[in-house]
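*Asks:* Supplied structure: my_file-v9.txt, compact mmCIF, C-alpha atoms.
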# COMPACT_ATOMS: atom_id res chain seq x y z
CA MET F 1 70.55 55.80 101.55
CA THR F 2 71.21 58.69 99.21
CA SER F 3 72.19 58.10 95.61
CA PHE F 4 74.87 60.77 95.89
CA SER F 5 78.29 60.90 97.57
CA PRO F 6 78.42 57.35 99.04
CA GLY F 7 80.54 57.09 102.16
CA PHE F 8 80.29 60.78 103.05
CA HIS F 9 79.65 61.32 106.77
CA GLY F 10 80.40 64.99 107.39
CA ARG F 11 81.08 66.75 110.64
CA PRO F 12 79.05 66.43 113.86
CA ARG F 13 75.63 68.03 113.41
CA ALA F 14 76.14 70.83 115.91
CA LEU F 15 75.09 74.45 115.67
CA ALA F 16 72.41 73.67 113.13
CA ASP F 17 70.07 76.38 114.38
CA ARG F 18 72.72 79.09 114.11
CA LEU F 19 74.00 78.05 110.72
CA PRO F 20 72.10 79.18 107.62
CA PRO F 21 71.63 76.52 104.93
CA GLY F 22 74.77 75.61 102.99
CA GLN F 23 77.16 77.36 105.42
CA TYR F 24 79.94 75.93 107.56
CA PRO F 25 81.41 77.44 110.73
CA THR F 26 84.93 78.84 110.73
CA GLU F 27 87.18 80.22 113.44
CA SER F 28 89.30 82.21 110.99
CA PHE F 29 88.27 85.35 109.14
CA PRO F 30 88.68 84.70 105.40
CA VAL F 31 88.76 87.50 102.85
CA LEU F 32 86.60 88.08 99.78
CA SER F 33 87.67 90.99 97.55
CA ALA F 34 87.52 91.62 93.81
CA GLY F 35 90.89 93.35 93.55
CA PRO F 36 93.75 94.99 95.45
CA THR F 37 93.18 96.32 98.95
CA PRO F 38 92.88 100.13 98.98
CA ARG F 39 94.83 101.98 101.70
CA VAL F 40 92.59 104.74 103.04
CA PRO F 41 94.16 107.11 105.60
CA THR F 42 91.82 108.31 108.33
CA GLU F 43 93.21 111.86 107.82
CA THR F 44 91.46 112.10 104.46
CA TRP F 45 88.62 109.65 105.12
CA THR F 46 85.10 110.99 104.65
CA PHE F 47 81.66 109.45 104.74
CA THR F 48 79.12 111.12 102.48
CA VAL F 49 75.37 110.68 102.26
CA THR F 50 73.91 111.77 98.92
CA THR F 51 70.15 112.01 98.44
CA GLU F 52 68.21 111.35 95.24
CA THR F 53 68.13 115.12 94.62
CA GLY F 54 71.91 115.39 94.89
CA ALA F 55 72.03 116.99 98.32
CA THR F 56 75.05 115.80 100.28
CA ARG F 57 76.25 115.70 103.84
CA SER F 58 79.73 114.54 104.82
CA TRP F 59 81.52 113.50 107.97
CA THR F 60 85.25 113.44 108.55
CA TRP F 61 86.85 110.62 110.54
CA ASP F 62 86.91 112.72 113.71
CA GLU F 63 83.29 113.80 113.22
CA MET F 64 82.25 110.18 112.73
CA MET F 65 84.14 109.11 115.83
CA ALA F 66 82.42 111.88 117.81
CA LEU F 67 78.99 110.39 117.05
CA PRO F 68 77.44 108.00 119.59
CA GLN F 69 79.20 104.65 119.28
CA GLN F 70 77.78 101.16 119.73
CA GLU F 71 79.34 97.83 120.61
CA THR F 72 77.61 95.05 118.75
CA VAL F 73 78.00 91.26 118.47
CA HIS F 74 76.83 89.25 115.45
CA ASP F 75 77.11 86.02 113.54
CA ILE F 76 78.31 86.83 110.01
CA HIS F 77 77.76 84.77 106.88
CA CYS F 78 79.85 84.96 103.71
CA VAL F 79 78.44 83.85 100.36
CA THR F 80 81.60 81.74 99.91
CA ARG F 81 79.96 79.56 102.63
CA TRP F 82 81.80 80.32 105.84
CA SER F 83 79.98 81.63 108.87
CA LYS F 84 81.66 83.13 111.89
CA PHE F 85 79.86 83.32 115.21
CA ASP F 86 79.90 86.09 117.83
CA THR F 87 82.02 88.63 116.01
CA HIS F 88 82.57 91.81 118.06
CA TRP F 89 82.36 95.22 116.41
CA ARG F 90 82.31 98.87 117.38
CA GLY F 91 80.87 101.55 115.16
CA VAL F 92 78.14 104.06 114.42
CA PRO F 93 74.62 102.93 113.53
CA LEU F 94 73.63 104.15 110.06
CA THR F 95 70.55 105.84 111.49
CA ALA F 96 72.94 108.45 112.92
CA PHE F 97 73.84 109.47 109.35
CA LEU F 98 70.36 109.10 107.88
CA ASP F 99 67.92 110.39 110.52
CA ASP F 100 68.08 114.04 109.48
CA VAL F 101 68.07 113.33 105.75
CA GLU F 102 65.04 114.33 103.67
CA THR F 103 64.38 111.56 101.20
CA ALA F 104 61.68 109.68 99.34
CA ALA F 105 64.11 106.98 98.27
CA ASP F 106 63.55 103.30 99.02
CA HIS F 107 67.05 102.08 98.18
CA VAL F 108 70.67 102.85 98.97
CA VAL F 109 73.87 102.18 97.12
CA ALA F 110 76.82 101.84 99.47
CA GLU F 111 79.94 103.22 97.82
CA ALA F 112 83.52 102.40 98.69
CA HIS F 113 87.05 103.56 98.04
CA GLY F 114 88.32 101.58 95.09
CA GLY F 115 84.98 101.82 93.29
CA TYR F 116 83.12 98.91 94.90
CA THR F 117 79.38 99.36 95.28
CA THR F 118 76.56 97.30 96.77
CA ASN F 119 72.83 97.96 96.85
CA LEU F 120 70.42 97.52 99.76
CA PRO F 121 66.83 98.39 100.58
CA LEU F 122 66.84 101.53 102.75
CA GLU F 123 64.78 99.82 105.44
CA ASP F 124 67.49 97.18 105.82
CA VAL F 125 70.02 99.75 107.00
CA LEU F 126 67.78 101.57 109.48
CA ASP F 127 66.57 100.68 112.98
CA GLY F 128 69.86 99.37 114.30
CA ARG F 129 70.39 96.78 111.57
CA ALA F 130 73.49 98.36 109.98
CA TRP F 131 76.60 100.23 111.11
CA VAL F 132 79.74 101.95 109.93
CA ALA F 133 82.19 99.72 111.81
CA HIS F 134 85.79 100.74 112.53
CA THR F 135 86.82 98.33 115.30
CA TYR F 136 86.87 94.55 115.17
CA ASP F 137 87.55 92.43 118.25
CA GLY F 138 88.92 95.46 120.09
CA TYR F 139 91.39 96.50 117.39
CA PRO F 140 91.22 98.99 114.51
CA LEU F 141 89.76 97.19 111.48
CA SER F 142 92.60 96.04 109.22
CA PRO F 143 92.71 97.08 105.54
CA GLU F 144 92.05 93.61 104.09
CA HIS F 145 88.89 93.39 106.16
CA GLY F 146 87.76 96.84 105.03
CA GLY F 147 89.53 99.22 107.37
CA PRO F 148 89.60 101.95 108.35
CA ALA F 149 85.81 101.51 108.22
CA ARG F 150 83.36 99.17 106.56
CA LEU F 151 79.65 98.77 106.45
CA LEU F 152 78.28 96.12 108.80
CA VAL F 153 74.95 94.62 107.74
CA PRO F 154 75.08 91.25 109.49
CA HIS F 155 71.61 89.99 108.54
CA LEU F 156 72.64 89.80 104.86
CA TYR F 157 75.50 87.91 103.19
CA PHE F 158 78.69 89.71 104.05
CA TRP F 159 79.47 91.12 100.60
CA LYS F 160 76.67 93.63 101.42
CA SER F 161 78.87 94.89 104.27
CA ALA F 162 80.95 97.02 101.91
CA LYS F 163 84.62 97.33 102.84
CA TRP F 164 86.39 100.73 102.74
CA VAL F 165 82.97 102.39 102.77
CA SER F 166 82.95 106.01 101.61
CA GLY F 167 79.26 106.81 101.61
CA LEU F 168 75.66 106.03 100.91
CA ARG F 169 73.75 107.18 97.84
CA LEU F 170 69.96 107.17 98.21
CA THR F 171 68.15 106.06 95.06
CA VAL F 172 64.53 105.88 93.98
CA GLU F 173 65.23 102.94 91.67
CA ASP F 174 67.09 99.84 92.80
CA GLU F 175 70.60 99.87 91.21
CA PRO F 176 72.52 96.58 91.32
CA GLY F 177 76.02 97.02 92.77
CA PHE F 178 79.32 95.37 91.83
CA TRP F 179 78.84 91.72 92.80
CA GLU F 180 75.10 91.99 92.14
CA SER F 181 76.01 92.81 88.50
CA VAL F 182 78.34 89.81 88.10
CA GLY F 183 76.18 87.01 89.37
CA TYR F 184 75.38 87.53 93.04
CA HIS F 185 71.80 87.76 94.29
CA ASN F 186 70.27 91.23 94.49
CA TYR F 187 69.17 90.95 98.16
CA GLY F 188 71.34 88.24 99.72
CA ASP F 189 69.42 86.78 102.67
CA PRO F 190 71.54 83.89 104.05
CA TRP F 191 68.53 82.20 105.68
CA ARG F 192 66.81 81.97 102.29
CA GLU F 193 70.15 81.06 100.68
CA GLN F 194 69.99 83.91 98.18
CA ARG F 195 73.50 83.52 96.80
CA ASN F 196 73.26 83.85 93.04
CA TRP F 197 70.99 85.18 90.34
CA GLY F 198 67.93 82.94 90.24
CA ASP F 199 68.16 81.72 93.86
CA MET Y 1 69.64 78.29 86.08
CA ALA Y 2 72.06 79.06 88.89
CA ALA Y 3 69.81 77.40 91.46
CA HIS Y 4 69.72 74.08 89.60
CA TRP Y 5 71.67 71.15 91.04
CA PHE Y 6 73.07 68.73 88.48
CA GLY Y 7 73.95 65.11 89.13
CA ALA Y 8 77.66 64.70 88.28
CA ARG Y 9 79.44 61.36 87.94
CA LEU Y 10 83.13 61.00 88.72
CA VAL Y 11 84.80 59.41 85.69
CA GLU Y 12 88.45 59.93 86.51
CA ARG Y 13 90.69 61.11 89.33
CA ARG Y 14 94.35 62.02 88.82
CA ALA Y 15 96.91 63.00 91.43
CA GLN Y 16 98.57 66.35 90.71
CA THR Y 17 100.56 66.53 93.95
CA ALA Y 18 100.55 64.59 97.24
CA THR Y 19 97.29 66.32 98.20
CA GLY Y 20 96.06 67.93 94.96
CA ARG Y 21 93.68 66.07 92.68
CA THR Y 22 92.13 66.51 89.29
CA LEU Y 23 88.55 65.26 89.24
CA VAL Y 24 86.91 64.66 85.87
CA LEU Y 25 83.12 64.57 86.02
CA ASP Y 26 80.33 63.98 83.54
CA ILE Y 27 77.34 66.26 84.02
CA PRO Y 28 74.32 65.54 81.83
CA GLY Y 29 72.79 68.86 80.77
CA TRP Y 30 75.85 70.97 81.63
CA PRO Y 31 75.35 74.37 79.93
CA GLY Y 32 79.05 75.22 79.53
CA HIS Y 33 81.12 77.82 81.37
CA LEU Y 34 83.74 80.55 81.10
CA PRO Y 35 87.42 80.05 81.98
CA GLY Y 36 87.93 81.11 85.61
CA GLN Y 37 84.45 80.17 86.83
CA HIS Y 38 83.76 77.79 89.70
CA VAL Y 39 81.08 75.36 90.83
CA ASP Y 40 79.51 74.36 94.11
CA VAL Y 41 79.79 70.67 94.98
CA ARG Y 42 77.21 69.25 97.40
CA LEU Y 43 77.69 66.06 99.41
CA THR Y 44 74.87 64.31 101.24
CA ALA Y 45 75.30 61.89 104.15
CA ASP Y 46 72.91 59.01 104.80
CA ASP Y 47 70.96 61.01 107.40
CA GLY Y 48 70.36 63.83 104.91
CA TYR Y 49 73.08 66.13 106.27
CA GLN Y 50 74.63 68.14 103.46
CA ALA Y 51 77.86 70.07 103.00
CA VAL Y 52 78.75 72.33 100.09
CA ARG Y 53 82.08 73.81 98.99
CA SER Y 54 83.25 75.70 95.91
CA TYR Y 55 85.85 74.36 93.48
CA SER Y 56 87.39 75.94 90.41
CA LEU Y 57 86.98 74.55 86.91
CA ALA Y 58 90.39 73.74 85.46
CA ALA Y 59 89.51 73.50 81.77
CA PRO Y 60 87.35 75.31 79.22
CA THR Y 61 83.96 73.94 78.20
CA ASP Y 62 84.16 70.42 76.78
CA GLY Y 63 80.57 69.27 76.27
CA GLU Y 64 79.21 67.64 79.40
CA ARG Y 65 82.64 66.84 80.84
CA VAL Y 66 84.25 69.14 83.39
CA GLU Y 67 87.56 69.08 85.22
CA LEU Y 68 87.87 70.33 88.80
CA GLY Y 69 90.94 70.97 90.90
CA VAL Y 70 90.61 69.84 94.53
CA GLN Y 71 93.26 70.54 97.14
CA ALA Y 72 92.73 68.27 100.16
CA VAL Y 73 92.71 70.44 103.26
CA ARG Y 74 93.89 68.79 106.48
CA ASP Y 75 90.84 68.12 108.69
CA GLY Y 76 88.60 69.46 105.94
CA GLU Y 77 85.01 68.24 105.81
CA VAL Y 78 84.63 67.98 102.04
CA SER Y 79 88.01 68.16 100.26
CA PRO Y 80 89.56 64.95 101.74
CA TYR Y 81 86.42 63.05 100.73
CA LEU Y 82 86.58 64.34 97.15
CA ALA Y 83 90.35 63.85 96.98
CA ASP Y 84 90.50 60.27 98.22
CA VAL Y 85 87.13 58.70 99.12
CA LEU Y 86 84.48 59.38 96.47
CA PRO Y 87 84.53 56.23 94.29
CA THR Y 88 85.00 56.51 90.55
CA GLY Y 89 81.57 56.06 88.96
CA ALA Y 90 79.74 57.54 91.98
CA ARG Y 91 77.83 60.78 91.83
CA VAL Y 92 77.84 64.10 93.64
CA GLU Y 93 75.59 67.10 93.13
CA LEU Y 94 77.00 70.16 91.49
CA ARG Y 95 75.70 73.57 90.51
CA GLY Y 96 77.06 76.33 88.37
CA PRO Y 97 78.78 77.77 86.54
CA LEU Y 98 79.30 80.53 89.11
CA GLY Y 99 81.15 83.86 89.06
CA GLN Y 100 81.23 86.45 86.32
CA TRP Y 101 84.20 88.48 87.57
CA PHE Y 102 87.28 86.27 87.74
CA VAL Y 103 86.84 85.14 84.12
CA TRP Y 104 88.74 85.45 80.85
CA ARG Y 105 86.61 85.73 77.73
CA THR Y 106 87.97 84.42 74.44
CA GLY Y 107 87.13 87.68 72.68
CA GLN Y 108 89.03 89.70 75.26
CA SER Y 109 92.03 91.41 73.66
CA GLY Y 110 95.17 92.62 75.35
CA PRO Y 111 97.97 90.87 77.22
CA VAL Y 112 97.18 88.81 80.29
CA LEU Y 113 99.32 88.14 83.33
CA LEU Y 114 98.26 85.21 85.50
CA VAL Y 115 99.71 85.02 89.00
CA ALA Y 116 98.95 81.86 90.94
CA GLY Y 117 99.92 80.64 94.38
CA GLY Y 118 99.63 76.91 95.14
CA SER Y 119 96.30 75.44 94.04
CA GLY Y 120 95.31 78.93 92.90
CA VAL Y 121 96.73 77.70 89.61
CA VAL Y 122 93.49 75.80 88.89
CA PRO Y 123 91.22 78.59 87.57
CA VAL Y 124 94.03 80.36 85.70
CA THR Y 125 94.85 77.05 84.02
CA ALA Y 126 91.33 77.08 82.56
CA MET Y 127 92.19 80.52 81.16
CA LEU Y 128 95.51 79.53 79.61
CA ARG Y 129 93.99 76.37 78.15
CA ALA Y 130 91.18 78.42 76.62
CA HIS Y 131 93.73 80.89 75.28
CA ARG Y 132 95.66 78.05 73.68
CA ALA Y 133 92.54 76.41 72.23
CA ALA Y 134 91.30 79.71 70.79
CA ARG Y 135 94.70 80.37 69.19
CA SER Y 136 94.32 83.84 70.66
CA ASP Y 137 97.04 86.35 69.76
CA SER Y 138 97.04 88.13 73.10
CA ALA Y 139 100.25 87.51 75.05
CA PHE Y 140 99.78 85.28 78.09
CA SER Y 141 102.21 84.81 80.93
CA LEU Y 142 101.96 82.81 84.11
CA LEU Y 143 103.88 83.40 87.32
CA TYR Y 144 103.33 80.37 89.50
CA SER Y 145 104.48 80.37 93.12
CA VAL Y 146 104.89 76.99 94.80
CA ARG Y 147 106.55 75.81 97.98
CA ASP Y 148 108.81 73.29 96.24
CA PRO Y 149 109.01 71.32 92.98
CA ASP Y 150 106.72 68.57 94.33
CA GLU Y 151 103.87 71.06 94.62
CA ILE Y 152 103.57 71.86 90.90
CA TRP Y 153 100.21 71.08 89.32
CA TYR Y 154 99.90 70.38 85.56
CA ARG Y 155 103.66 69.88 85.50
CA GLU Y 156 104.18 68.48 82.00
CA GLU Y 157 101.64 70.75 80.39
CA LEU Y 158 103.20 73.87 81.88
CA ALA Y 159 106.72 72.74 80.99
CA ALA Y 160 105.82 72.05 77.34
CA PRO Y 161 107.19 74.65 74.91
CA ASP Y 162 104.54 77.16 73.87
CA ASP Y 163 105.60 80.34 72.10
CA ARG Y 164 102.41 82.16 73.09
CA LEU Y 165 102.60 81.32 76.77
CA ASP Y 166 105.44 82.36 79.07
CA VAL Y 167 105.54 80.28 82.27
CA ARG Y 168 107.77 81.06 85.21
CA VAL Y 169 107.72 79.00 88.41
CA LEU Y 170 108.81 80.70 91.64
CA TYR Y 171 109.83 78.50 94.56
CA THR Y 172 109.28 79.74 98.09
CA ARG Y 173 111.03 77.03 100.18
CA ARG Y 174 113.04 74.68 97.98
CA ALA Y 175 114.08 75.18 94.37
CA PRO Y 176 115.21 72.47 91.97
CA ARG Y 177 118.88 72.12 91.12
CA GLY Y 178 119.93 74.71 88.57
CA GLU Y 179 117.37 77.32 89.55
CA VAL Y 180 119.09 80.70 89.73
CA ARG Y 181 116.49 82.51 91.81
CA PRO Y 182 116.95 81.72 95.52
CA PRO Y 183 113.81 80.32 97.18
CA GLY Y 184 111.60 83.03 98.61
CA ARG Y 185 108.25 84.69 98.46
CA ILE Y 186 107.23 86.54 95.34
CA ALA Y 187 108.75 90.03 95.27
CA ALA Y 188 108.59 93.16 93.13
CA ALA Y 189 111.60 91.95 91.12
CA ASP Y 190 109.63 88.84 90.09
CA LEU Y 191 106.81 91.03 88.81
CA GLY Y 192 109.44 93.38 87.35
CA PRO Y 193 109.28 96.00 84.60
CA ALA Y 194 108.48 93.39 81.96
CA GLN Y 195 105.25 92.61 83.79
CA ALA Y 196 104.30 96.24 84.36
CA GLY Y 197 102.75 96.72 80.93
CA PRO Y 198 99.07 97.16 80.09
CA GLY Y 199 96.53 94.39 80.25
CA THR Y 200 94.58 92.41 82.79
CA VAL Y 201 96.14 90.61 85.75
CA TYR Y 202 94.44 87.66 87.40
CA VAL Y 203 95.72 86.76 90.85
CA CYS Y 204 94.56 83.61 92.64
CA GLY Y 205 95.84 81.90 95.75
CA PRO Y 206 95.73 82.02 99.54
CA THR Y 207 94.69 85.37 101.00
CA GLY Y 208 98.18 86.40 102.14
CA PHE Y 209 99.62 85.64 98.72
CA VAL Y 210 96.90 87.55 96.87
CA GLU Y 211 97.18 90.55 99.22
CA SER Y 212 100.94 90.66 98.75
CA VAL Y 213 100.87 90.29 94.94
CA ALA Y 214 98.10 92.84 94.49
CA ASP Y 215 99.98 95.35 96.65
CA LEU Y 216 103.19 94.77 94.68
CA LEU Y 217 101.37 95.26 91.37
CA VAL Y 218 99.79 98.50 92.55
CA GLY Y 219 103.24 99.62 93.74
CA LEU Y 220 104.61 98.91 90.25
CA GLY Y 221 101.99 101.20 88.76
CA ARG Y 222 99.40 98.70 87.62
CA PRO Y 223 95.94 100.34 87.81
CA ALA Y 224 93.89 98.66 90.54
CA ALA Y 225 91.03 98.34 88.07
CA ASP Y 226 93.15 95.98 85.92
CA ILE Y 227 93.77 93.53 88.77
CA ARG Y 228 91.23 90.80 89.41
CA THR Y 229 91.63 88.63 92.48
CA GLU Y 230 90.27 85.37 93.80
CA ARG Y 231 91.22 84.06 97.22
CA PHE Y 232 90.77 80.96 99.27
CA GLY Y 233 91.41 80.04 102.89
Since I need it in another form, could you write the structure as structure tokens?

*Replies:*
Amino acid sequence: MTSFSPGFHGRPRALADRLPPGQYPTESFPVLSAGPTPRVPTETWTFTVTTETGATRSWTWDEMMALPQQETVHDIHCVTRWSKFDTHWRGVPLTAFLDDVETAADHVVAEAHGGYTTNLPLEDVLDGRAWVAHTYDGYPLSPEHGGPARLLVPHLYFWKSAKWVSGLRLTVEDEPGFWESVGYHNYGDPWREQRNWGD
Amino acid sequence: MAAHWFGARLVERRAQTATGRTLVLDIPGWPGHLPGQHVDVRLTADDGYQAVRSYSLAAPTDGERVELGVQAVRDGEVSPYLADVLPTGARVELRGPLGQWFVWRTGQSGPVLLVAGGSGVVPVTAMLRAHRAARSDSAFSLLYSVRDPDEIWYREELAAPDDRLDVRVLYTRRAPRGEVRPPGRIAAADLGPAQAGPGTVYVCGPTGFVESVADLLVGLGRPAADIRTERFG
């Protein structure tokens, strides 16, 4: 008998092994954004990789779409506590943008239209663990979910999967991004429940 | 600090609407919070199973006493329990305060427009209460969209005359007798030229509402950087 919340029973204990601690499963696709949804036309869309020395390389929408594409299926976990199983995406693995880049950096800052940023260790976006995703469930990704293209880094809380992504900036020092500067955890591993500063 | 779970005792529950509740809790050791912040509430079943959801704080810091707004969601796992089952005097676990973005700071100058849909009024109410308590000079206005008059939270408080707070309720389905504006979703005219001035806008409500309001504000020329949003559902 717990001393808290008497009479609370909760839902059937299913899916426990697929659900990180403190999450609940949802069928819908809720939205977390700090401000208005930017409208980014594919005609002017670019994706730019900037190294720590300032060297840049950019791709237009058509160039990005001409790169080898992957279909990928993941469970995703939002820090606001919903998890969604078996989400279907199509996009370009980040290695395709980073393989030819000369860098000594250990970190990346993902940048987005509208000014949003989020920081990740470089190794977390290599080796098929992160994508630029443009298609969700067979349809072009809608603006409120980050379309025309967002980052997809499913092994971290979903705020790391920057919506409206515009590029990656390689950095020698770790630079906290937008949510990481206003209370969210710097790394954001859902299985270690790294939600907030101090977790 | 953020990782610490407090024991919180329910001292009072008040109905705001048919499904909306104010929960007043005492939290020994509560460090205080900023208007607009939220908390995580954790429930534990007898077999150790736990469920956690986030709820907004509805009032500024008041010692170890906090006020939450809970909208019971049909078939929800946590909200119906908090709204109608948790006995007064019983405890839940709670952690926070959380969120450093959707907040209003007392020292913040400049006019503020609050736009709330449904129970999205809870965190912005913490802001307007803090504004009132601080006797802040910055102009505050609230646009509050509800389905019908029965869905209004904090009814008497929001209706009370206050020359530093301008409140306007917008009805989407059914308006009270005497209301000139026909029922309908919030539109550019509601956010009109008077609302297009400088200052920060806080928008909170269901996703569709927040998307629509933020788009309208950008269309009226409000800089995106001045618009802060919080969504649920």

*Asks:* How many Å separate CA of Phe29 (chain F) from CA of Phe158 (chain F)?

*Replies:*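 CA of Phe29 (chain F) sits 11.7 Å away from CA of Phe158 (chain F).
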
*Asks:* When you count all atoms listed in the file, which of these residues is closest to Arg129 (chain F): F:Pro154, F:Gly177, F:Pro36, F:Gly91?

*Replies:* F:Pro154

*Asks:* Have a look at F:Pro12, F:Pro25, F:Gly35, F:Gly128 and name the one nearest to chain Y; count all atoms listed in the file.

*Replies:*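 Smallest distance to chain Y is found for F:Gly35.
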
*Asks:* Please compute the CA of Met65 (chain F)-CA of Glu144 (chain F) distance, one decimal, in Å.

*Replies:*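 These two atoms are separated by 21.0 Å.
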
*Asks:* What residues in chain F have any atom no more than 6 Å from chain Y when counting all atoms listed in the file, and can you write them as a PyMOL selection string?

*Replies:* chain F and resi 1-2+4-5+8-10+22+30+34-36+182-183+198-199

*Asks:* Find the residue from F:Glu102, F:Glu111, F:Glu175, F:Asp189 that sits nearest to Thr53 (chain F); use only C-alpha atoms when measuring.

*Replies:*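 Between F:Glu102, F:Glu111, F:Glu175, F:Asp189, the residue approaching Thr53 (chain F) most closely is F:Glu102.
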
*Asks:* Could you state the separation of CA of Trp179 (chain F) and CA of Arg57 (chain F) in Å, given to one decimal place?

*Replies:* 26.5 Å

*Asks:* Using all atoms listed in the file, which of Y:Arg13, Y:Arg105, Y:Arg65, Y:His131 sits nearest Thr88 (chain Y)?

*Replies:*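 Smallest distance to Thr88 (chain Y) is found for Y:Arg13.
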
*Asks:* Leaving out region 37-42 of chain F and any residue of its chain fewer than 5 positions from it, which residues lie within 7 Å of it when counting only C-alpha atoms, given as an MDAnalysis selection string?

*Replies:* chainID F and resid 61 113:114 143:144 148

*Asks:* Counting only C-alpha atoms, what is within 7 Å of Arg173 (chain Y), bar same-chain residues fewer than 5 positions away, as a ChimeraX atom specification?

*Replies:* /Y:147-148,183-184

*Asks:* Which residue out of F:Ala66, F:Leu141, F:Ile76, F:Val172 has the minimum interatomic distance to Val153 (chain F) when only C-alpha atoms are used?

*Replies:*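 The answer is F:Ile76, which sits nearest to Val153 (chain F).
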
*Asks:* Extract, using only C-alpha atoms, all DNA, RNA and protein residues at most 9 Å from Gln71 (chain Y), discarding same-chain residues fewer than 3 positions from it, and format them as an mmCIF file with C-alpha atoms, in the frame of the given file.

*Replies:*
data_model
loop_
_atom_site.group_PDB
_atom_site.id
_atom_site.type_symbol
_atom_site.label_atom_id
_atom_site.label_comp_id
_atom_site.auth_asym_id
_atom_site.auth_seq_id
_atom_site.Cartn_x
_atom_site.Cartn_y
_atom_site.Cartn_z
ATOM 1 C CA THR Y 17 100.560 66.530 93.950
ATOM 2 C CA THR Y 19 97.290 66.320 98.200
ATOM 3 C CA GLY Y 20 96.060 67.930 94.960
ATOM 4 C CA ARG Y 21 93.680 66.070 92.680
ATOM 5 C CA THR Y 22 92.130 66.510 89.290
ATOM 6 C CA SER Y 79 88.010 68.160 100.260
ATOM 7 C CA PRO Y 80 89.560 64.950 101.740
ATOM 8 C CA ALA Y 83 90.350 63.850 96.980
ATOM 9 C CA SER Y 119 96.300 75.440 94.040
#

*Asks:* Taking only C-alpha atoms into account, which of F:Trp131, F:Tyr24, F:Tyr136, F:Trp82 comes nearest Tyr157 (chain F)?

*Replies:*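 Looking only at the distances to Tyr157 (chain F), the closest residue turns out to be F:Trp82.
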
*Asks:* Identify, on the basis of all atoms listed in the file, every residue whose closest approach to Glu179 (chain Y) does not exceed 10 Å; exclude the query and any residue fewer than 4 positions from it along the same chain; express the result as a list in words.

*Replies:* Val169, Leu170, Tyr171, Arg174, Ala175 and Pro183 of chain Y

*Asks:* Compile the contact shell of region 165-171 of chain F as a list in words: residues with an atom at most 7 Å away, counting only C-alpha atoms, same-chain residues fewer than 2 positions apart removed.

*Replies:*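 So, after excluding close chain neighbours, the residues are Thr46, Phe47, Thr48, Val49, Thr50, Thr51, Glu52, Ala105, Asp106, His107, Val108, Val109, Ala110, Glu111, Ala112, His113, Ala149, Arg150, Leu151, Ala162, Lys163, Glu173 and Asp174 of chain F.
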